[in-house]
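Working notes for the structure below.
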There are 2 protein chains.
Amino acid sequence: MGKCVNHPERETSYKCMKHNIYLCDECLACRDPELYCKYRSACPIWFMNKGSKRLSESDEAAEAAGEYTVKFQPDEKSVDVEAGETLLDAARKADVYINASCNGKGACGKCKLIIESGEIEKTETALLSDREKQKGYVLACQTRVKGPVWVRVPEETIERKLKVAGMGEEVTRKLQGLVTDVQPMLEKVPMELTPPTLDDSVSDLDRLRRGLAQKGVDTSRLSIGLEVMQELAASMRNENWRVTALLMHKSCSSEVVAVEPGDTSQSDLGLAIDIGTTTIVVYLVDMIGGRILAATSGHNRQSSCGDDVINRIVCAEKNGVKKLSTLALSTINTLIKEAVDGVGVDFKEIHNVVVSGNTTMTHLLLKIEPRYIRREPYIPSISEFPVLKSGNIGLKANPNAAVYVMPGPASYVGGDIVSGVLYSGLNRESELTLFIDVGTNGEIVLGNQDWLICASCSAGPAFEGGGIRWGMRAEEGAIEGVTIDPYTFDPTLKTIADDAPRGICGSGMIELLSEMMLVGIIDQRGKFQLPAGHPRMGAIGDEPAYILAYANETPMEEDLVYTESDIDNLLRSKGAVYAGFTVLLNQVGVTFDMIDRVIITGGFGQFLDIEKSIAIGLLPDIDRNKFQYDGNSSIGGAYMALLSDAHRKTAKEVCNAMTYLDFSTNTSFMDEFTSALFLPHTNMEQFPSIMKRLKETAN
Amino acid sequence: MGKCVNHPERETSYKCMKHNIYLCDECLACRDPELYCKYRSACPIWFMNKGSKRLSESDEAAEAAGEYTVKFQPDEKSVDVEAGETLLDAARKADVYINASCNGKGACGKCKLIIESGEIEKTETALLSDREKQKGYVLACQTRVKGPVWVRVPEETIERKLKVAGMGEEVTRKLQGLVTDVQPMLEKVPMELTPPTLDDSVSDLDRLRRGLAQKGVDTSRLSIGLEVMQELAASMRNENWRVTALLMHKSCSSEVVAVEPGDTSQSDLGLAIDIGTTTIVVYLVDMIGGRILAATSGHNRQSSCGDDVINRIVCAEKNGVKKLSTLALSTINTLIKEAVDGVGVDFKEIHNVVVSGNTTMTHLLLKIEPRYIRREPYIPSISEFPVLKSGNIGLKANPNAAVYVMPGPASYVGGDIVSGVLYSGLNRESELTLFIDVGTNGEIVLGNQDWLICASCSAGPAFEGGGIRWGMRAEEGAIEGVTIDPYTFDPTLKTIADDAPRGICGSGMIELLSEMMLVGIIDQRGKFQLPAGHPRMGAIGDEPAYILAYANETPMEEDLVYTESDIDNLLRSKGAVYAGFTVLLNQVGVTFDMIDRVIITGGFGQFLDIEKSIAIGLLPDIDRNKFQYDGNSSIGGAYMALLSDAHRKTAKEVCNAMTYLDFSTNTSFMDEFTSALFLPHTNMEQFPSIMKRLKETAN
């Protein structure tokens with residue numbers, strides 16, 4: 001022990017070895033050791049105070065702690081990850097969206113990245129060609145960070161802006177026509193209250209109730225939260241007793257969710273949100289009049305956890321439902337920001353929100369346990385949601401905004417389908433209608449104003465590009481249309497945005513399959529008939545494949561091919577959907593010719609060629625005029641429910657009226673599925689027009 | 001630059017002078033420098049990592065930051081405060097409860113402390129005698145900390161445990177008799193649900209609803225929160241579909257606030273809480289049967305912010321309402337803990353709570369703006385509260401517990417009075433009753449089952465010991481009874497707990513005043529008639545005073561006196577209350593002799609001598625048998641409302657039925673007040689029995 005050199009009154013045990021002086025705790029912890037020592041840069045005190053700040057910002061400090069920086073090109077985003085994390089983890093952290101259909105299992109081969117420099121450790125994979133490996137390609141999920149890494153996201157991995165069902169004045173007019181009486185869930189009630197006097201000294205809350213009663217509000221079923229009460233005195237006096245009460249109308253009562261000083265009823269915005277497994281669409285709506293002010297759309301960031309709902313649920317079980325919720329929320333909130341910034345309004349003006357999505361999407365968004373959705377007997381936790389508050393969910397809107405979630409009758413027929421039925425008017429008309437939404441999951445509704453039956457069949461990921469070597473979503477560069485010359489077997493390709501072909505999307509595959517069958521490249525079982533030496537025939541390993549585009553025609557500088565396994569996958573998808581139709585119709589004793597109308601909805605349906613879909617046996621061989629494309633009916637229904645209380649009530653009625661037919665234990669479904677694994681079908685009599693064409697071609 | 005001794009691949013600039021080795025940043029920032037050095041205790045790295053933790057807890061570190069430790073005796077509590085803070089601040093921080101009636105204005109002279117050692121800076125005060133100053137007395141609010149200080153809380157400043165209205169089997173039986181049908185707000189509904197199958201695949205929530213409907217619950221008005229939905233799937237499956245739903249019954253709907261796995265309906269506890277301005281009382285109640293399991297009481301810690309509601313509101317305006325809420329909550333939660341620990345139960349079993357308190361107390365507890373309560377036209381923010389959740393308030397109970405706050409009709413007639421009326425049965429009987437709760441504020445209710453009128457008069461703090469030199473609350477050592485020998489003028493004192501006299505409480509003052517008047521020490525104006533030389537006559541400055549106890553008889557070793565100003569203060573208090581009676585009766589055309597019953601309630605009323613209270617003109621001169629003491633009627637009513645829905649409804653009816661008469665602008669009140677500033681009254685004909693006694697004494 002000794003006396004501190006600066007504070008002689010203090011005893012201390014620390015002695016500096018360099019100067020042979022004692023320093024007290026204050027001097028030791030001092031922010032400026034330069035005062036006490038000239039050997040600064042060799043002094044650990046100096047180093048820990050002055051030096052450490054500099055260090056913590058540098059790469060060196062990160063390295064010391066076993067963290068490395070991963071930089072992504074062309075986005076120029078970078079992120080620090082711990083040694084041993086995968087590049088897929090890094091991309092998710094860095095907000096770099098790359099395709100990962102299989103959720104990091106190393107199974108889909110989609111998450112390709114090019115290593116430009118740096119230390120990595122990779123697991124060998126058969127999903128990359130030798131040429132790709134030579135170019136430095138790796139699978140992000142199979143590559144671990146061992147040092148600072150620079151990577152490039154290749155052309156075909158970049159998730160480009162999806163083609164979204166078009167928005168415009170026409171849609172707005174159509175939607176506005178469907179809403180006659182605007183009645184939002186959260187209503188703004190402006191009032192001028194009488195100031196209190198000694199003769200009229202009721203409490204602030206009673207004065208507010210009196211004002212509301214004068215405005216015709218039923219105050220007998222009115223609730224109010226503690227926070228509103230805490231602010232009430234100030235809110236009421238701030239603008240001299242002129243206030244606007246925000247009333248949230250629930251099923252059995254109303255809640256005063258806020259009391260704002262002054263009259264704030266002049267502006268009021270709403271959101272209709274369609275949470276698709278792949279794409280999320282947001283409409284920003286003027287609640288006074290119903291005009292759509294902006295529409296934005298983007299990839300659901302959950303895609304980094306897998307393409308389909310099953311992978312998402314598995315991911316939620318592994319990583320917690322919060323992670324999936326955050327991914328969806330961040331997508332939605334980015335889209336909301338884009339919309340409000342574009343229009344130049346404040347997101348706090350958003351007081352009403354309707355969310356439409358399938359059962360898994362709504363459960364994940366709301367952090368509700370989804371695991372029993374994928375386990376027999378397939379039970380959703382919630383099918384009909386109470387009106388919620390935006391602030392509790394995390395949506396970028398006024399925290400008090402009322403959020404209505406479209407009800408869904410079953411684990412695999414969700415609110416998006418109820419929304420679609422509402423928009424399509426199925427439930428309002430007498431015509432017998434078959435409503436279909438084909439994607440990874442094929443949802444089918446059959447019925448009219450008197451009855452509704454619904455089912456869902458697992459179509460698999462093929463229509464969305466999953467499980468297909470060069471499959472991709474309907475993004476720029478995707479082949480969406482194909483015709484094949486019956487003599488040369490050369491294809492004519494139509495790509496989205498007329499870009500060089502990067503892959504093939506669902507509609508392109510249907511056209512390809514139909515063309516290959518009709519020109520005889522494949523037989524009705526889907527097997528190649530062209531000789532191996534034909535210039536259009538290639539191979540992936542032992543497997544024959546049709547070359548859609550040669551390497552020099554693609555940005556990847558590789559042959560873009562369609563293999564026999566790809567054909568099998570597509571056959572299974574179309575077979576499942578068609579089997580679904582058949583079983584549902586049989587269940588209610590209806591035949592295809594009794595159907596008055598087939599409504600196709602969803603992003604995938606937009607590009608569907610009806611004739612070619614019938615040719616491969618995806619759609620039934622009936623009068624082509626009966627087919628109708630309804631666009632994104634899920635967002636349409638959400639818009640209707642946003643504005644109209646009557647439509648919200650109808651949505652619940654529709655949900656309750658739908659009888660759900662479960663295929664998973666249905667023995668006839670398996671039989672029908674097997675029969676449908678043929679082009680167009682084992683029972684050719686169900687496809688008379690195709691039978692006729694095939695005969696004509698054969699002749 | 002050199003290579004790190006532990007990580008040779010790293011270049012670093014830091015060189016340890018002791019060992020002549022280089023250390024990299026990681027080694028320098030390492031949590032265990034002991035690995036690298038044997039000169040640990042002289043190594044600043046060691047010191048800053050190992051030593052600093054120890055240091056931060058020491059006084060020295062606090063001193064370095066300009067903070068000083070204040071130690072309180074005899075509690076042995078200590079606290080660090082910044083230089084310049086007052087000892088009152090320090091006491092509040094240290095949870096040492098000292099009297100501060102005026103809330104730190106330096107006006108009441110109650111917050112006396114004795115400085116034992118240390119550096120302070122004090123403002124001169126006339127409220128301490130020279131002898132006190134010699135002994136080291138200071139006023140805590142007028143003394144600032146300038147260095148470490150040791151203080152002693154003197155005898156008369158210590159707030160001892162209050163005498164609380166007694167609890168026991170008798171009270172329990174009386175209370176249980178008042179509740180016939182137990183219906184808590186939060187009801188536990190145990191259910192055995194049918195597990196789902198493919199044929200019965202409704203959602204978890206629908207299954208729960210079905211179960212509730214089978215139990216007779218009206219599920220059409222059922223709401224459920226997001227958090228419950230998020231946990232629902234797990235809760236329902238955890239105990240194999242046996243669950244207990246917790247339903248909170250609100251005025252217009254019910255909310256499922258929790259779903260617990262298994263049957264948890266066997267134990268259920270409730271709390272009745274009376275938040276008095278001075279004292280808080282908590283009953284822990286078995287909701288199955290209504291037995292009172294424990295009763296605890298303690299000082300409202302808000303007392304450190306002033307004795308009366310006005311000072312509390314001022315304090316809230318200055319320091320924020322949150323501070324006052326925290327003080328009340330910490331008192332309540334300590335009492336709850338004491339109760340549940342005593343009985344050996346878990347506070348999470350508490351699912352129902354009723355809070356009774358005056359309007360200011362309920363506003364402060366719930367952090368609702370109180371400032372307009374004290375400003376004309378005296379508007380409370382809330383008079384009738386919705387059912388709240390314990391977790392939102394901060395009570396130590398199950399976070400989902402339902403909290404009912406007794407409604408109060410006006411700013412100065414609150415839920416405690418409604419509670420009292422409920423308990424006293426005023427509203428159920430035909431007898432004309434005058435209900436009074438005398439304290440700092442005198443609340444008066446007049447009426448019967450047909451009508452109720454109420455008012456409040458500001459009695460001032462005298463009855464609670466405020467504004468009186470040796471005034472104190474009814475604690476141990478307080479003079480609560482006085483008789484005076486008419487010949488020697490020597491008093492016979494009765495003190496609480498038979499302690500040596502430390503001061504005089506309200507009931508003692510009433511007896512003293514009555515005795516002094518009847519033996520002629522004072523005249524009917526309250527002026528001293530004894531000659532200055534009389535051994536019982538002393539003086540404080542120029543002011544004459546009656547010596548109740550000589551210095552050698554008191555623990556303070558000072559004369560315990562009652563001055564002429566003290567008499568004036570008491571006259572004003574009793575005058576205000578009596579004027580209140582008169583104006584209220586006049587308002588409805590009732591005379592004192594028409595009253596069938598006078599119910600006295602509240603802690604102060606317990607020790608009131610009716611005869612002497614009439615003698616000084618505090619109570620009307622009517623048949624003594626009509627007076628009745630009801631104990632703590634506020635907690636009684638809270639207990640009733642806790643168990644019975646009917647009583648909760650009645651409480652609201654009573655609140656709405658009460659006509660409030662405001663005295664603040666009532667001109668006749670000022671006239672009546674002036675007339676009542678006489679012993680017993682200017683109009684002696686209102687006090688025939690006292691007039692008779694005075695005549696007898698004079699003769």
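Here's how to read the names in the structure tokens: chain A, B, ... by the order shown, residue numbers from 1 in each chain, ligand numbers from 1 in the order shown.
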### Query
Got a sec to pull out which chain A residues are within 6 Å of chain B, counting only C-alpha atoms, and send them as an NGL selection string?
:A and (14-15 or 42 or 64 or 197-198 or 201 or 203-205 or 221 or 230 or 233 or 252 or 368 or 377 or 379-383)
### Query
Using the chain letters and numbers from this document, which residues of range 426-588 of chain A does DSSP assign to helix (DSSP H, G or I), as a PyMOL selection string?
chain A and resi 426-428+461-464+496-498+506-519+551-553+564-588
Just C-alpha atoms for this one: save the residues we selected as a tab-separated table (two decimals), in the first residue's frame.
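Generated output (again.tsv):
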```tsv
chain	number	residue	atom	x	y	z
A	426	LEU	CA	-68.54	-16.74	-55.40
A	427	ASN	CA	-70.66	-16.46	-52.30
A	428	ARG	CA	-72.97	-13.86	-53.80
A	461	PRO	CA	-42.75	-26.51	-55.38
A	462	ALA	CA	-42.46	-27.10	-59.15
A	463	PHE	CA	-44.86	-24.33	-60.22
A	464	GLU	CA	-42.82	-21.86	-58.18
A	496	ILE	CA	-40.10	-11.77	-68.58
A	497	ALA	CA	-38.86	-8.26	-69.40
A	498	ASP	CA	-37.33	-9.77	-72.57
A	506	GLY	CA	-44.17	-22.25	-63.78
A	507	SER	CA	-46.11	-20.92	-66.75
A	508	GLY	CA	-43.07	-21.45	-68.97
A	509	MET	CA	-42.82	-25.07	-67.82
A	510	ILE	CA	-46.47	-25.74	-68.61
A	511	GLU	CA	-46.01	-24.37	-72.10
A	512	LEU	CA	-42.78	-26.31	-72.50
A	513	LEU	CA	-44.40	-29.57	-71.43
A	514	SER	CA	-47.41	-29.03	-73.66
A	515	GLU	CA	-45.21	-28.19	-76.64
A	516	MET	CA	-42.80	-31.07	-76.08
A	517	MET	CA	-45.73	-33.47	-75.90
A	518	LEU	CA	-47.51	-32.06	-78.94
A	519	VAL	CA	-44.39	-32.05	-81.16
A	551	ALA	CA	-24.65	-21.48	-72.84
A	552	ASN	CA	-23.78	-18.52	-75.07
A	553	GLU	CA	-27.41	-17.33	-74.94
A	564	GLU	CA	-36.54	-35.85	-67.21
A	565	SER	CA	-36.66	-35.43	-63.40
A	566	ASP	CA	-37.89	-31.89	-63.97
A	567	ILE	CA	-40.68	-33.33	-66.13
A	568	ASP	CA	-41.55	-35.87	-63.42
A	569	ASN	CA	-41.75	-33.13	-60.83
A	570	LEU	CA	-44.07	-31.06	-62.97
A	571	LEU	CA	-46.24	-34.11	-63.71
A	572	ARG	CA	-46.65	-34.72	-60.00
A	573	SER	CA	-47.63	-31.11	-59.41
A	574	LYS	CA	-50.24	-30.97	-62.15
A	575	GLY	CA	-51.46	-34.43	-61.23
A	576	ALA	CA	-52.08	-33.42	-57.62
A	577	VAL	CA	-54.09	-30.38	-58.65
A	578	TYR	CA	-56.22	-32.22	-61.17
A	579	ALA	CA	-56.82	-35.10	-58.73
A	580	GLY	CA	-57.98	-32.45	-56.26
A	581	PHE	CA	-60.58	-31.16	-58.69
A	582	THR	CA	-61.85	-34.63	-59.41
A	583	VAL	CA	-62.19	-35.76	-55.79
A	584	LEU	CA	-63.88	-32.51	-54.73
A	585	LEU	CA	-66.39	-32.74	-57.58
A	586	ASN	CA	-67.06	-36.41	-56.89
A	587	GLN	CA	-67.66	-35.63	-53.24
A	588	VAL	CA	-70.63	-33.41	-54.10
```
### Message
I'd like to know which residues of range 422-528 of chain B are strand (DSSP E) (by DSSP, run on the backbone); could you write them as a PyMOL selection string?
### Response
chain B and resi 433-438+441-447+452-458+478-484+491-495+503-504
#### Entry: Residue contacts of Ser424 in chain B (9 Å, only C-alpha atoms) excluding same-chain residues fewer than 5 positions away, as JSON, numbers by chain
{"B": [419, 435, 599, 630, 633, 636, 637]}
Name the residues in contact with Ile288 in chain B at a cut-off of 8 Å, using only C-alpha atoms, excluding same-chain residues fewer than 3 positions from it; report them as an mmCIF file with N, CA, C and O atoms, in the first residue's frame.
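Saved to selection_3.cif:
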```cif
data_model
loop_
_atom_site.group_PDB
_atom_site.id
_atom_site.type_symbol
_atom_site.label_atom_id
_atom_site.label_comp_id
_atom_site.auth_asym_id
_atom_site.auth_seq_id
_atom_site.Cartn_x
_atom_site.Cartn_y
_atom_site.Cartn_z
ATOM 1 N N VAL B 182 -70.627 -15.509 -4.017
ATOM 2 C CA VAL B 182 -69.280 -15.144 -4.449
ATOM 3 C C VAL B 182 -69.186 -15.175 -5.983
ATOM 4 O O VAL B 182 -69.437 -16.202 -6.610
ATOM 5 N N SER B 267 -57.195 -23.373 -6.069
ATOM 6 C CA SER B 267 -56.779 -22.288 -5.182
ATOM 7 C C SER B 267 -56.962 -20.963 -5.899
ATOM 8 O O SER B 267 -56.696 -20.841 -7.086
ATOM 9 N N ASP B 268 -57.456 -19.987 -5.159
ATOM 10 C CA ASP B 268 -57.743 -18.695 -5.755
ATOM 11 C C ASP B 268 -57.771 -17.646 -4.648
ATOM 12 O O ASP B 268 -58.514 -17.772 -3.685
ATOM 13 N N LEU B 269 -56.924 -16.646 -4.805
ATOM 14 C CA LEU B 269 -56.821 -15.629 -3.764
ATOM 15 C C LEU B 269 -57.220 -14.258 -4.287
ATOM 16 O O LEU B 269 -57.200 -14.011 -5.491
ATOM 17 N N ARG B 291 -62.796 -16.191 3.381
ATOM 18 C CA ARG B 291 -62.096 -16.007 4.640
ATOM 19 C C ARG B 291 -60.932 -15.015 4.460
ATOM 20 O O ARG B 291 -60.235 -15.056 3.452
#
```
### Surrounding residues of Arg525 in chain B excluding itself and chain neighbours under 2 positions, 10 Å, only C-alpha atoms, as a list in words
Met517, Ile522, Asp523, Lys527, Phe528, Ile567, Asp568, Leu571, Leu677, Phe678, Leu679, Pro680, His681 and Thr682 of chain B
### Message
Calculated over only C-alpha atoms, which of the candidates B:Gly442, B:Tyr404, B:Met658, B:Arg152 has the smallest distance to Lys135 in chain B?
### Response
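Of B:Gly442, B:Tyr404, B:Met658, B:Arg152, the one nearest Lys135 in chain B is B:Arg152, counting only C-alpha atoms.
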### 10 Å contact set for Gly262 in chain A, only C-alpha atoms, chain neighbours under 5 positions out, as a ChimeraX atom specification
/A:190-192,235-245
With C-alpha atoms retained, could you export that selection as a tab-separated table (two decimals), in the first residue's frame?
```tsv
chain	number	residue	atom	x	y	z
A	190	PRO	CA	-64.25	14.56	-33.62
A	191	MET	CA	-66.02	16.48	-30.84
A	192	GLU	CA	-66.25	19.92	-29.30
A	235	SER	CA	-55.45	15.52	-24.38
A	236	MET	CA	-58.77	17.12	-23.51
A	237	ARG	CA	-57.30	20.44	-22.43
A	238	ASN	CA	-54.59	20.77	-25.11
A	239	GLU	CA	-56.86	22.15	-27.80
A	240	ASN	CA	-59.42	23.70	-25.50
A	241	TRP	CA	-61.80	20.75	-25.23
A	242	ARG	CA	-61.77	19.96	-28.93
A	243	VAL	CA	-60.78	16.33	-29.28
A	244	THR	CA	-60.98	13.42	-31.66
A	245	ALA	CA	-61.70	10.05	-30.10
```
